[in-house]
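Peer 1: Encoded as structure tokens, here's the structure I'll be asking about.
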Amino acid sequence: MRTTMEEATQPCPECGVQIRVDGRFTTWCAACDWNVDPERPDRTEPGRLESLRQALAHRHGEKLLAEVSAGETLRPRRDAAGVLAHVLALAVHGVTVALLVGGLWLVVTGWGGAAVVLGLFLLLLSWTLRPRFPELPDDEPVLRRADAPELFALIDEVAAVAGTRSVDVVTVSAAFNASVTTYGARSRRVLTLGLPCWETLTPQQRIALLGHELGHYSNGDTRHGLVIGTALHSLTTWRYYVAPIPDPNIVEMLVNLFYVVPRTLIQGVLILLDRLTLRATQRAEYLADAMSARAGSTEAAVGVMDRILVAHSAENMLQREASGRQVRTRGTRSSEQPWHGLWERLAAHMATIPEGEYERQRRVGALRGHSVDSTHPPTHLRRACLLVGEPLAAAVIADAGRESLITAELAEARNVLAQRVVRHGLGH
């Protein structure tokens with residue numbers, strides 16, 4: 001439950017309505033939107049691909065919200081764009097295979113001649129462009145079933161509601177986020193829990209968060225699939241290789257000129273593949289949101305979304321802890337260490353954010369088109385979509401006893417990341 005510190009009031013300079021004043025947050029007027037967005041976003045122009053993503057994300061988000069508002073039930077969909085995206089991705093991988101085969105042929109048939117040099121170059125190039133399988137992070141706490149049986153039991157329950165299998169590994173990070181992906185050639189599943197997010201959610205909201213993330217495994221999110229995901233990575237690598245050389249000399253200017261055609265072609269394929277998959281990615285986010293509501297309840301799913309809107313407040317608080325409570329001495333008792341109780345202090349801070357700040361951030365999000373990133377639908381549209389129709393009750397109910405056990409299972413990870421945040425901030 002959110003608590004509100006004692007607040008003063010003042011008349012709005014625009015309309016005269018009495019407005020609440022909390023020195024920690026922006027003073028604004030809900031009646032006329034005076035000062036609702038005093039901090040203008042960064043005016044730096046995004047790149048061409050990023051601008052296209054943002055425009056399409058907003059357009060697709062509005063269309064999907066209209067579909068839901070009209071009573072249509074969203075489902076995973078395999079359309080012509082998805083089929084074409086897979087064909088294009090396979091063609092990208094085909095180029096890598098062609099480089100490999102061509103390199104081998106030149107090495108074998110041209111051994112002892114100049115062709116072997118080209119063959120070796122093609123083999124090296126195909127190796128750098130090969131599909132990459134993500135690995136587990138080596139700088140974050142990793143939990144397996146034996147380490148956290150209650151946490152995995154909860155994840156299993158939510159996975160059953162989502163109609164998918166559970167995860168193999170949980171990693172814990174210091175990001176205000178959560179995500180799912182696969183790792184290794186066998187595509188094992190991994191869930192990443194960002195402690196700053198996890199620790200500020202209610203138990204029921206945590207279930208909704210798990211529902212959203214596990215929903216991505218069952219809703220046809222092709223962008224993060226094996227074929228298309230690795231093709232996007234390969235294209236990004238190609239683009240890096242042919243990027244123009246800054247401040248070129250005469251020779252480098254000629255190299256830049258030579259790379260114009262392949263760079264344009266690669267950028268075009270990347271934009272096309274991105275566009276072909278973006279609508280499916282938008283749909284996947286809405287479907288994941290629906291699974292969030294189904295698992296944890298509509299109220300909890302909306303609560304998670306609201307928490308994301310004020311993530312900057314949590315990040316600012318943690319940065320203040322890092323700046324003001326740096327470790328200066330050694331050998332003190334653990335109860336006196338500056339990171340002791342960090343997550344409890346963060347939760348207490350987030351509990352005092354007034355409802356007015358949540359509402360302001362929702363309005364700012366609508367004005368700016370806020371989203372988690374350029375591939376996500378705008379957050380205010382996702383929130384509106386959740387609130388269409390009758391609210392859903394939770395399929396998985398939080399249990400206080402289990403929550404205590406899960407907290408104990410995360411104790412070591414909590415301590416490790418608390419120390420890291422206080423010592424180095426959120427950038428490490």
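Ligands are numbered from 1 in the order shown, chains are lettered A, B, ... in the order of the structure tokens, and residues start at 1 in each chain.
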Report the residues of stretch 167-227 of chain A whose backbone DSSP state falls under strand (DSSP E), written as a ChimeraX atom specification.
Peer 2: /A:169-173,178-183,188-194
Peer 1: Contacts between stretch 14-33 of chain A and stretch 283-320 of chain A, please, where a residue of stretch 283-320 of chain A counts if it comes within 12 Å (with only C-alpha atoms); show its shortest atom pair and distance in Å to one decimal, rows by chain and ascending number, as a Markdown table.
Peer 2:
```
| residue | atom | partner | partner_atom | distance |
| --- | --- | --- | --- | --- |
| A:Val310 | CA | A:Phe25 | CA | 11.0 |
| A:His312 | CA | A:Phe25 | CA | 11.6 |
| A:Ser313 | CA | A:Phe25 | CA | 9.3 |
| A:Asn316 | CA | A:Arg24 | CA | 11.4 |
| A:Met317 | CA | A:Arg24 | CA | 11.1 |
```
Peer 1: Give me the residues near stretch 81-90 of chain A as a list in words, where near means some atom within 6 Å (using only C-alpha atoms) and where sequence neighbours in that chain fewer than 2 positions away do not count.
Peer 2: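 Listing them by chain and then by number gives Arg78, Asp79, Val92, His93, Gly94, Ile228, Ala231, Leu273 and Leu276 of chain A.
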Peer 1: Go ahead and save the residues from that selection, with C-alpha atoms, as a compact mmCIF listing (two decimals), in the first residue's frame.
Peer 2:
```txt
# COMPACT_ATOMS: atom_id res chain seq x y z
CA ARG A 78 1.58 -16.22 -37.83
CA ASP A 79 1.06 -13.81 -40.71
CA VAL A 92 21.10 -13.82 -43.68
CA HIS A 93 22.34 -17.06 -42.15
CA GLY A 94 22.73 -18.45 -45.68
CA ILE A 228 15.43 -14.11 -36.18
CA ALA A 231 20.00 -12.91 -37.71
CA LEU A 273 13.65 -7.34 -40.84
CA LEU A 276 8.57 -7.22 -40.39
```
Peer 1: Of the candidates A:Leu235, A:Val242, A:Ala185, A:Leu136, which one gets nearest to A:Gly268 if we count only C-alpha atoms?
Peer 2: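 Using only C-alpha atoms, A:Gly268 sits closest to A:Leu235.
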Peer 1: Counting only C-alpha atoms, what is within 7 Å of A:Ala208, bar same-chain residues fewer than 6 positions away, as an NGL selection string?
Peer 2: :A and (292-293 or 295-297 or 300-301)
Peer 1: Please compute the atom CA of A:Phe121-atom CA of A:Gln267 distance, one decimal, in Å.
Peer 2: 23.1 Å
Peer 1: Among stretch 62-153 of chain A, which ones does DSSP assign to helix (DSSP H, G or I) (computed from the backbone)? Answer as a ChimeraX atom specification.
Peer 2: /A:62-69,80-109,115-128,149-153
Peer 1: Just the residues within 12 Å of A:Leu257, please, counting only C-alpha atoms, with nothing from its chain fewer than 5 positions along; format it as a PyMOL selection string.
Peer 2: chain A and resi 242-245+248+250-252+262-264
Peer 1: Find, counting only C-alpha atoms, the residue in A:Ser323, A:Thr379, A:Gln337, A:Thr237 that gets nearest to A:Met305.
Peer 2: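 Once distances to A:Met305 are computed over only C-alpha atoms, the minimum belongs to A:Thr379.
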Peer 1: Compile the contact shell of A:His212 as a PyMOL selection string: residues with an atom at most 6 Å away, counting only C-alpha atoms, same-chain residues fewer than 3 positions apart removed.
Peer 2: chain A and resi 209+215+288-289+291-292
Peer 1: Store the residues picked out above, limited to N, CA, C and O atoms, as a PDB file, in the first residue's frame.
Peer 2:
```pdb
ATOM      1  N   LEU A 209       4.426  -9.869 -12.436  1.00  0.00           N
ATOM      2  CA  LEU A 209       5.683  -9.685 -13.175  1.00  0.00           C
ATOM      3  C   LEU A 209       6.151 -11.004 -13.779  1.00  0.00           C
ATOM      4  O   LEU A 209       6.544 -11.059 -14.959  1.00  0.00           O
ATOM      5  N   GLY A 215       5.032 -15.219 -20.043  1.00  0.00           N
ATOM      6  CA  GLY A 215       4.127 -15.127 -21.176  1.00  0.00           C
ATOM      7  C   GLY A 215       4.860 -14.955 -22.495  1.00  0.00           C
ATOM      8  O   GLY A 215       4.346 -15.340 -23.555  1.00  0.00           O
ATOM      9  N   ALA A 288       1.720 -10.648 -23.330  1.00  0.00           N
ATOM     10  CA  ALA A 288       2.413 -10.843 -22.061  1.00  0.00           C
ATOM     11  C   ALA A 288       1.739 -10.064 -20.948  1.00  0.00           C
ATOM     12  O   ALA A 288       1.645 -10.528 -19.800  1.00  0.00           O
ATOM     13  N   ASP A 289       1.255  -8.862 -21.256  1.00  0.00           N
ATOM     14  CA  ASP A 289       0.517  -8.076 -20.259  1.00  0.00           C
ATOM     15  C   ASP A 289      -0.772  -8.803 -19.848  1.00  0.00           C
ATOM     16  O   ASP A 289      -1.146  -8.823 -18.663  1.00  0.00           O
ATOM     17  N   MET A 291      -1.218 -12.002 -19.863  1.00  0.00           N
ATOM     18  CA  MET A 291      -0.828 -13.118 -19.011  1.00  0.00           C
ATOM     19  C   MET A 291      -0.448 -12.635 -17.617  1.00  0.00           C
ATOM     20  O   MET A 291      -0.683 -13.325 -16.623  1.00  0.00           O
ATOM     21  N   SER A 292       0.113 -11.453 -17.539  1.00  0.00           N
ATOM     22  CA  SER A 292       0.426 -10.849 -16.245  1.00  0.00           C
ATOM     23  C   SER A 292      -0.841 -10.684 -15.416  1.00  0.00           C
ATOM     24  O   SER A 292      -0.886 -11.020 -14.219  1.00  0.00           O
TER      25      SER A 292
END
```
Peer 1: Which residues are close to A:Glu157, i.e. within 8 Å by only C-alpha atoms, leaving aside same-chain residues fewer than 4 positions away? Reply as a PDB file with C-alpha atoms, in the first residue's frame.
Peer 2:
```
ATOM      1  CA  ALA A 153       7.992 -23.551  -7.246  1.00  0.00           C
ATOM      2  CA  VAL A 161      -0.945 -20.670 -15.959  1.00  0.00           C
ATOM      3  CA  VAL A 396      -1.906 -17.633  -8.451  1.00  0.00           C
TER       4      VAL A 396
END
```
Peer 1: Go through A:Leu214, A:Ala348, A:Val107, A:Leu426 one by one, measure the shortest atom-to-atom distance of each to A:Thr192 using only C-alpha atoms, and give the residue with the smallest value.
Peer 2: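 Ranking A:Leu214, A:Ala348, A:Val107, A:Leu426 by distance to A:Thr192, first place goes to A:Leu214.
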Peer 1: Could you check which of A:Leu226, A:Leu367, A:Val421, A:Val170 is closest to A:Arg189, using only C-alpha atoms?
Peer 2: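 So, comparing all the options, the nearest one is A:Val170.
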Peer 1: Could you state the separation of atom CA of A:Ser166 and atom CA of A:Ala311 in Å, given to one decimal place?
Peer 2: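 Between atom CA of A:Ser166 and atom CA of A:Ala311 the gap works out to 27.3 Å.
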Peer 1: Find the distance between atom CA of A:Ala400 and atom CA of A:Gln205 and write it in Å to one decimal.
Peer 2: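 That distance, rounded to one decimal, is 13.4 Å.
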Peer 1: Of the candidates A:Val190, A:Val422, A:Leu410, A:Leu201, which shows the shortest atom-to-atom distance to A:Pro149, using only C-alpha atoms?
Peer 2: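 Closest to A:Pro149, using only C-alpha atoms: A:Leu410.
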